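Have a look at the structure below before the remarks.
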Protein chains: 2
Amino acid sequence: MNKIYLKDIAKSLQVSKTAVSLVLNNKGDEHKISQETQKRIIDFANKHNYKANHLARGLSRGKSETIGLIIPNIADIFYAKIASIVEKKAKLLGYNVVFSSSNESPENESEQIRSMLNRQVDGLIIASTQKNQEEINHLLEINFPFILIDRYYPNIDTNFVIVDNHDGVKSVTQHLINLGKERIGFISIKPELDAIKQRLYGYHDALKANDIPLSKNYIKELNIEHYQQEIKGAIIDLITASKPVDAIVFSTHYLTASGLRELKVLKIKVPDEVAIVSFDELGAFDLVDPAITSIIQPVHEIGNDAVDILIDDIEKIGSVKEKKKIVKTGLMIRKSCGTK
Amino acid sequence: MNKIYLKDIAKSLQVSKTAVSLVLNNKGDEHKISQETQKRIIDFANKHNYKANHLARGLSRGKSETIGLIIPNIADIFYAKIASIVEKKAKLLGYNVVFSSSNESPENESEQIRSMLNRQVDGLIIASTQKNQEEINHLLEINFPFILIDRYYPNIDTNFVIVDNHDGVKSVTQHLINLGKERIGFISIKPELDAIKQRLYGYHDALKANDIPLSKNYIKELNIEHYQQEIKGAIIDLITASKPVDAIVFSTHYLTASGLRELKVLKIKVPDEVAIVSFDELGAFDLVDPAITSIIQPVHEIGNDAVDILIDDIEKIGSVKEKKKIVKTGLMIRKSCGTK
DNA sequence: CTGAAAGCGCTTACAG
DNA sequence: CTGAAAGCGCTTACAG
């Protein structure tokens with residue numbers, strides 16, 4: 001069973017390559033090729049398992065039927081879930097996906113965007129480092145279809161699907177307040193990303209809405225590269241303050257995991273001494289001791305909407321109206337935040 | 001800044017496309033193109049940010065510089081980690097990666113393999129459903145570079161990197177026995193995969209080595225599609241047996257998570273009443289109550305070796321000798337297995 | 001209804 | 001040292 005090409009079919013069946021190509025691309029009727037010829041071609045193709053070379057087709061059509069997904073890290077369960085949903089949806093619409101992890105490096109990201117363009121992807125889904133203003137503007141300039149997810153550029157006019165970070169943190173903080181917590185700490189990475197900034201503001205606004213004064217000492221912002229070393233100090237600060245915290249909001253799942261580990265080492269009882277809540281979660285947060293109250297990211301919505309919007313752009317269908325979406329988070333209340 | 005092509009460079013610089021292509025592919029010296037011409041070409045290309053169209057290059061060279069990764073599910077943290085490592089390593093060697101999730105469906109897998117071939121990937125890394133004997137044989141027949149990871153076909157002669165499942169489970173079971181456990185249950189999915197079979201045998205052999213009789217009642221094999229419903233019954237069976245188990249080995253991370261959830265509902269104390277251990281782990285298994293003793297998969301080794309072997313094959317380098325690897329698991333002892 | 005031909009953007013033997 | 005030309009495997013206007 002040797003590899004078979006378009007010309008082989010044409011030769012065997014004594015028809016032109018044009019006819020074969022047309023029929024196999026479902027344009028037989030359109031070009032009024034006789035039903036009989038069509039059937040012969042299709043049968044022959046099936047029998048010999050003919051499939052067009054995508055490279056050649058892509059080159060010829062100027063379309064690769066591939067979309068690129070650029071994310072910070074595919075090994076992060078959040079992005080892995082997104083990738084899974086994007087893949088499923090894209091496949092449904094006839095596209096493959098190539099992915100690249102930027103590891104939060106703007107240089108990597110920029111290079112990966114360029115590389116994807118060279119590889120002729122038809123569109124790009126990017127969870128950006130948010131430090132590639134120029135690259136994003138460039139995409140806009142050349143009118144290349146792309147959509148930002150998870151993180152966006154507040155002052156660039158692009159399509160995006162992001163999460164309502166502000167609202168998510170505000171409601172979980174409110175929940176803590178409702179449970180009687182009065183001294184709520186906030187542990188985050190440095191707010192270089194707008195998403196992280198919004199989480200901080202959500203925390204601010206919840207306190208403000210309840211007339212709780214904001215205390216700088218209760219807010220800890222760690223370096224993303226060294227959070228594992230720094231979190232211990234942050235937690236000790238919070239629990240040995242003159243007025244120790246009675247709750248902590250962690251702004252990412254890995255901070256929560258790291259923080260809880262530290263609290264256990266320090267033998268602090270959660271939630272009795274300190275209640276905790278997490279933005280986003282890891283695989284077994286429901287089994288953790290105690291099970292962790294988490295803000296849930298609507299990954300299905302993010303992934304599906306992103307693909308819908310992107311492909312609507314690529315194919316210029318125009319059926320998707322809303323191309324800037326801010327989706328709501330969920331809240332999963334478990335034991336770590338305590339009860340009334 | 002318009003898109004620039006090879007011919008534009010040639011025209012602007014008054015040289016042939018041949019020269020430009022050669023120089024840009026680092027074959028300038030080889031073809032004795034003057035240093036000056038080379039410099040002019042390179043400078044011009046850099047200045048105008050020229051990058052070759054990969055589709056065209058691929059079509060022409062018969063090589064896409066892309067490898068395909070087919071796995072059961074990218075949202076499974078184990079495969080997400082593998083994907084991350086494969087990506088990093090592949091990029092280092094000049095390859096991009098496209099991925100596809102088979103969702104354990106042999107039909108999907110088979111179709112995805114075909115689709116990847118049409119897309120002209122240069123090689124394939126497959127964590128197979130193990131039900132595509134024909135497809136795998138076909139790859140072998142057409143001499144297409146590929147490597148199996150995680151799961152392999154015991155009676156097909158292919159390259160692979162798998163884990164020593166037998167040894168992993170045997171040692172963790174031995175560990176339980178050393179701690180004085182005598183009635184050890186085993187909860188698994190139905191052993192359609194060789195990997196799962198090996199885990200079962202590891203359990204068998206540990207018992208045998210210690211002269212503990214094997215009891216059919218202690219072994220529960222669930223349907224992979226319905227394990228969430230079936231696991232409850234399995235656990236109840238084990239703990240209400242005439243001689244209830246004092247330990248359970250779970251053969252996958254998701255069974256462990258599910259099982260522990262159930263044990264908590266049933267208010268069984270782990271590890272006091274029943275000790276548990278897990279094959280592989282989820283993100284927060286160290287934080288779970290109790291922290292779960294787990295067999296650790298050497299993901300870095302699997303990912304890196306697979307790429308090394310595959311690319312050695314693709315480029316016919318011949319520097320990688322060992323192309324069938326069985327790598328050892330690690331063991332992370334935590335609280336869930338109890339102590340002496 | 002159908003076929004010869006040009007074109008997609010590269011690479012690379014080949015001839016000089 | 002260099003250039004014209006063929007070729008990779010498709011698609012698709014165009015002419016008949």
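Chain identifiers are assigned as A, B, and so on, following the order in which chains appear in the structure tokens; residues are numbered from 1 within each chain, and ligands are numbered from 1 in order of appearance.
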Query raised in the report: Quick one: residues within 8 Å of D:DC10, only C-alpha atoms (C1' of nucleotides) counted, chain neighbours fewer than 6 positions away excluded, as an MDAnalysis selection string?
Result: chainID A and resid 52:53 56:57 59:60
Pick out the chain C residues within 12 Å of chain B. Count only C-alpha atoms (C1' of nucleotides). Give them as a PDB file with C-alpha atoms (C1' of nucleotides), in the first residue's frame.
```
ATOM      1  C1'  DC C   8       1.250  29.079  -3.648  1.00  0.00           C
ATOM      2  C1'  DG C   9       6.708  30.074  -1.638  1.00  0.00           C
ATOM      3  C1'  DC C  10      10.126  27.640  -0.931  1.00  0.00           C
ATOM      4  C1'  DT C  11      14.625  24.255  -1.983  1.00  0.00           C
ATOM      5  C1'  DT C  12      18.098  22.211  -4.633  1.00  0.00           C
ATOM      6  C1'  DA C  13      20.205  19.485  -8.323  1.00  0.00           C
TER       7       DA C  13
END
```
Give me, as a tab-separated table, each residue of chain A that comes within 6 Å of chain B, together with its shortest interatomic pair and the distance in Å at one decimal, counting only C-alpha atoms, with rows ordered by chain and rising residue number.
```
residue	atom	partner	partner_atom	distance
A:Asn53	CA	B:Asn118	CA	5.2
A:His54	CA	B:Arg119	CA	4.9
A:Leu55	CA	B:Leu55	CA	5.4
A:Leu59	CA	B:Leu55	CA	5.9
A:Ile74	CA	B:Ser84	CA	5.6
A:Ala75	CA	B:Lys81	CA	4.8
A:Ala80	CA	B:Ala75	CA	5.0
A:Lys81	CA	B:Ala75	CA	4.8
A:Ser84	CA	B:Ile74	CA	5.6
A:Val97	CA	B:Val98	CA	6.0
A:Val98	CA	B:Val98	CA	4.4
A:Asn118	CA	B:Asn53	CA	5.3
A:Arg119	CA	B:His54	CA	4.9
A:Leu282	CA	B:Gly283	CA	5.8
A:Gly283	CA	B:Gly283	CA	5.5
A:Ala284	CA	B:Ala284	CA	5.6
A:Leu287	CA	B:Val288	CA	5.3
A:Val288	CA	B:Val288	CA	3.6
A:Asp289	CA	B:Asp289	CA	4.6
```
Write a file of the selected residues as a PDB file, in the first residue's frame, keeping N, CA and C atoms.
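Result written to out-v2.pdb:
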```pdb
ATOM      1  N   ASN A  53      -2.363  16.130   1.022  1.00  0.00           N
ATOM      2  CA  ASN A  53      -1.236  16.644   1.796  1.00  0.00           C
ATOM      3  C   ASN A  53      -1.601  18.051   2.276  1.00  0.00           C
ATOM      4  N   HIS A  54      -1.641  18.180   3.593  1.00  0.00           N
ATOM      5  CA  HIS A  54      -2.101  19.449   4.151  1.00  0.00           C
ATOM      6  C   HIS A  54      -1.161  20.611   3.887  1.00  0.00           C
ATOM      7  N   LEU A  55       0.109  20.298   3.810  1.00  0.00           N
ATOM      8  CA  LEU A  55       1.089  21.347   3.539  1.00  0.00           C
ATOM      9  C   LEU A  55       0.822  21.956   2.166  1.00  0.00           C
ATOM     10  N   LEU A  59      -0.516  25.627   1.441  1.00  0.00           N
ATOM     11  CA  LEU A  59       0.279  26.571   0.653  1.00  0.00           C
ATOM     12  C   LEU A  59      -0.568  27.135  -0.478  1.00  0.00           C
ATOM     13  N   ILE A  74       1.684  24.807  29.931  1.00  0.00           N
ATOM     14  CA  ILE A  74       0.714  23.735  29.695  1.00  0.00           C
ATOM     15  C   ILE A  74       0.633  22.786  30.893  1.00  0.00           C
ATOM     16  N   ALA A  75       1.649  22.782  31.744  1.00  0.00           N
ATOM     17  CA  ALA A  75       1.625  21.877  32.905  1.00  0.00           C
ATOM     18  C   ALA A  75       0.806  22.451  34.057  1.00  0.00           C
ATOM     19  N   ALA A  80      -4.021  23.564  31.116  1.00  0.00           N
ATOM     20  CA  ALA A  80      -4.211  22.245  30.520  1.00  0.00           C
ATOM     21  C   ALA A  80      -5.687  22.024  30.221  1.00  0.00           C
ATOM     22  N   LYS A  81      -6.535  22.454  31.157  1.00  0.00           N
ATOM     23  CA  LYS A  81      -7.975  22.317  30.923  1.00  0.00           C
ATOM     24  C   LYS A  81      -8.402  23.179  29.745  1.00  0.00           C
ATOM     25  N   SER A  84      -7.447  21.560  26.577  1.00  0.00           N
ATOM     26  CA  SER A  84      -8.307  20.424  26.265  1.00  0.00           C
ATOM     27  C   SER A  84      -9.613  20.893  25.621  1.00  0.00           C
ATOM     28  N   VAL A  97      -4.633  22.121  16.610  1.00  0.00           N
ATOM     29  CA  VAL A  97      -3.991  23.162  17.415  1.00  0.00           C
ATOM     30  C   VAL A  97      -2.536  22.826  17.748  1.00  0.00           C
ATOM     31  N   VAL A  98      -1.695  23.821  17.567  1.00  0.00           N
ATOM     32  CA  VAL A  98      -0.300  23.757  18.029  1.00  0.00           C
ATOM     33  C   VAL A  98      -0.210  24.629  19.269  1.00  0.00           C
ATOM     34  N   ASN A 118       4.951  32.326  11.003  1.00  0.00           N
ATOM     35  CA  ASN A 118       5.719  31.679   9.935  1.00  0.00           C
ATOM     36  C   ASN A 118       5.156  30.318   9.596  1.00  0.00           C
ATOM     37  N   ARG A 119       4.670  29.672  10.617  1.00  0.00           N
ATOM     38  CA  ARG A 119       4.108  28.352  10.387  1.00  0.00           C
ATOM     39  C   ARG A 119       2.701  28.446   9.825  1.00  0.00           C
ATOM     40  N   LEU A 282      -6.609  23.419  42.500  1.00  0.00           N
ATOM     41  CA  LEU A 282      -5.837  22.298  41.966  1.00  0.00           C
ATOM     42  C   LEU A 282      -6.696  21.043  42.019  1.00  0.00           C
ATOM     43  N   GLY A 283      -6.186  19.974  41.412  1.00  0.00           N
ATOM     44  CA  GLY A 283      -6.938  18.736  41.245  1.00  0.00           C
ATOM     45  C   GLY A 283      -7.645  18.197  42.475  1.00  0.00           C
ATOM     46  N   ALA A 284      -7.027  18.269  43.624  1.00  0.00           N
ATOM     47  CA  ALA A 284      -7.622  17.604  44.781  1.00  0.00           C
ATOM     48  C   ALA A 284      -7.985  18.577  45.902  1.00  0.00           C
ATOM     49  N   LEU A 287     -10.249  17.453  48.549  1.00  0.00           N
ATOM     50  CA  LEU A 287      -9.812  16.396  49.466  1.00  0.00           C
ATOM     51  C   LEU A 287      -8.803  16.900  50.485  1.00  0.00           C
ATOM     52  N   VAL A 288      -8.325  18.097  50.218  1.00  0.00           N
ATOM     53  CA  VAL A 288      -7.308  18.670  51.080  1.00  0.00           C
ATOM     54  C   VAL A 288      -7.855  18.823  52.488  1.00  0.00           C
ATOM     55  N   ASP A 289      -6.968  18.870  53.449  1.00  0.00           N
ATOM     56  CA  ASP A 289      -7.362  19.075  54.835  1.00  0.00           C
ATOM     57  C   ASP A 289      -7.049  20.495  55.245  1.00  0.00           C
TER      58      ASP A 289
END
```
Report task. List the neighbours of D:DA15 out to 12 Å using only C-alpha atoms (C1' of nucleotides); skip same-chain residues closer than 3 positions along the sequence, and give me the result as a list in words. Result ->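 The contact residues come out as DT2, DG3, DA4 and DA5 of chain C.
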Query raised in the report: Looking only at the backbone, which of the residues in stretch 12-258 of chain B does DSSP tag as alpha helix (DSSP H), as a PyMOL selection string?
Result: chain B and resi 12-13+17-24+35-47+54-61+77-92+106-118+133-141+165-178+194-209+227-239+253-258
All residues 8 Å or closer to B:Val249, only C-alpha atoms (C1' of nucleotides), same chain fewer than 4 positions away omitted, as a compact mmCIF listing (two decimals) with N, CA and C atoms, in the first residue's frame:
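Contents of the output file result01.txt:
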```txt
# COMPACT_ATOMS: atom_id res chain seq x y z
N THR B 173 3.36 -2.06 47.70
CA THR B 173 2.62 -3.10 48.41
C THR B 173 3.52 -3.71 49.49
N ILE B 184 -4.74 -6.60 52.20
CA ILE B 184 -4.59 -5.44 51.32
C ILE B 184 -5.49 -5.55 50.09
N GLY B 185 -6.35 -4.57 49.91
CA GLY B 185 -7.24 -4.54 48.74
C GLY B 185 -6.57 -3.83 47.58
N PHE B 186 -7.13 -4.06 46.41
CA PHE B 186 -6.57 -3.44 45.20
C PHE B 186 -7.72 -2.92 44.36
N ILE B 187 -7.78 -1.63 44.17
CA ILE B 187 -8.86 -1.06 43.35
C ILE B 187 -8.26 -0.50 42.07
N ILE B 276 -4.10 3.81 52.74
CA ILE B 276 -4.20 3.82 51.28
C ILE B 276 -2.90 4.32 50.63
N VAL B 277 -2.69 3.82 49.42
CA VAL B 277 -1.56 4.30 48.62
C VAL B 277 -2.05 4.46 47.18
N SER B 278 -1.35 5.30 46.42
CA SER B 278 -1.81 5.65 45.09
C SER B 278 -0.74 5.45 44.04
N PHE B 279 -1.14 4.99 42.86
CA PHE B 279 -0.22 5.00 41.74
C PHE B 279 -0.38 6.35 41.05
```
Report task. Tell me which protein, DNA and RNA residues are within 9 Å of stretch 158-163 of chain A, counting only C-alpha atoms (C1' of nucleotides), leaving out same-chain ones fewer than 6 positions away, and put them as a ChimeraX atom specification. Result -> /A:136,140,146-152,195,297-298,301-303,305-306,309-310,322-329
Residues just named, written with C-alpha atoms as a short mmCIF file (atom, residue, chain, number, x, y, z; two decimals), in the first residue's frame:
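Resulting contents of part.cif:
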```cif
data_model
loop_
_atom_site.label_atom_id
_atom_site.label_comp_id
_atom_site.auth_asym_id
_atom_site.auth_seq_id
_atom_site.Cartn_x
_atom_site.Cartn_y
_atom_site.Cartn_z
CA ILE A 136 -0.10 42.56 19.87
CA LEU A 140 -3.70 44.12 14.87
CA PHE A 146 -6.36 36.39 17.29
CA ILE A 147 -8.03 36.46 20.66
CA LEU A 148 -6.69 37.05 24.12
CA ILE A 149 -7.79 34.80 26.96
CA ASP A 150 -7.31 34.95 30.70
CA ARG A 151 -5.18 38.06 30.42
CA TYR A 152 -5.75 41.03 28.16
CA ALA A 195 -5.91 40.02 36.36
CA GLN A 297 -12.86 29.57 36.77
CA PRO A 298 -15.38 28.86 34.02
CA GLU A 301 -16.85 29.04 28.72
CA ILE A 302 -13.42 30.57 28.25
CA GLY A 303 -12.21 27.85 25.90
CA ASP A 305 -16.02 31.20 23.49
CA ALA A 306 -12.43 31.87 22.51
CA ILE A 309 -14.83 34.09 18.35
CA LEU A 310 -11.50 33.28 16.75
CA GLU A 322 -19.86 39.80 21.27
CA LYS A 323 -16.09 39.56 20.89
CA LYS A 324 -15.06 41.02 24.20
CA LYS A 325 -16.30 38.85 26.99
CA ILE A 326 -15.89 39.03 30.71
CA VAL A 327 -17.24 35.83 32.18
CA LYS A 328 -18.27 35.30 35.78
CA THR A 329 -16.45 33.01 38.17
#
```
Query raised in the report: If you run DSSP on this backbone, which residues of stretch 58-133 of chain B come out as strand (DSSP E), and could you give them as a PyMOL selection string?
Result: chain B and resi 66-71+96-101+123-126
**Report entry** Contacts of B:Glu134 at 12 Å (only C-alpha atoms (C1' of nucleotides); same-chain gap of 3+ positions) as a ChimeraX atom specification
**Finding:** /B:106-107,109-110,113,130-131,137-141,153,156
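Atom CA of B:Lys11 is positioned 14.9 Å from atom CA of B:Gln38.
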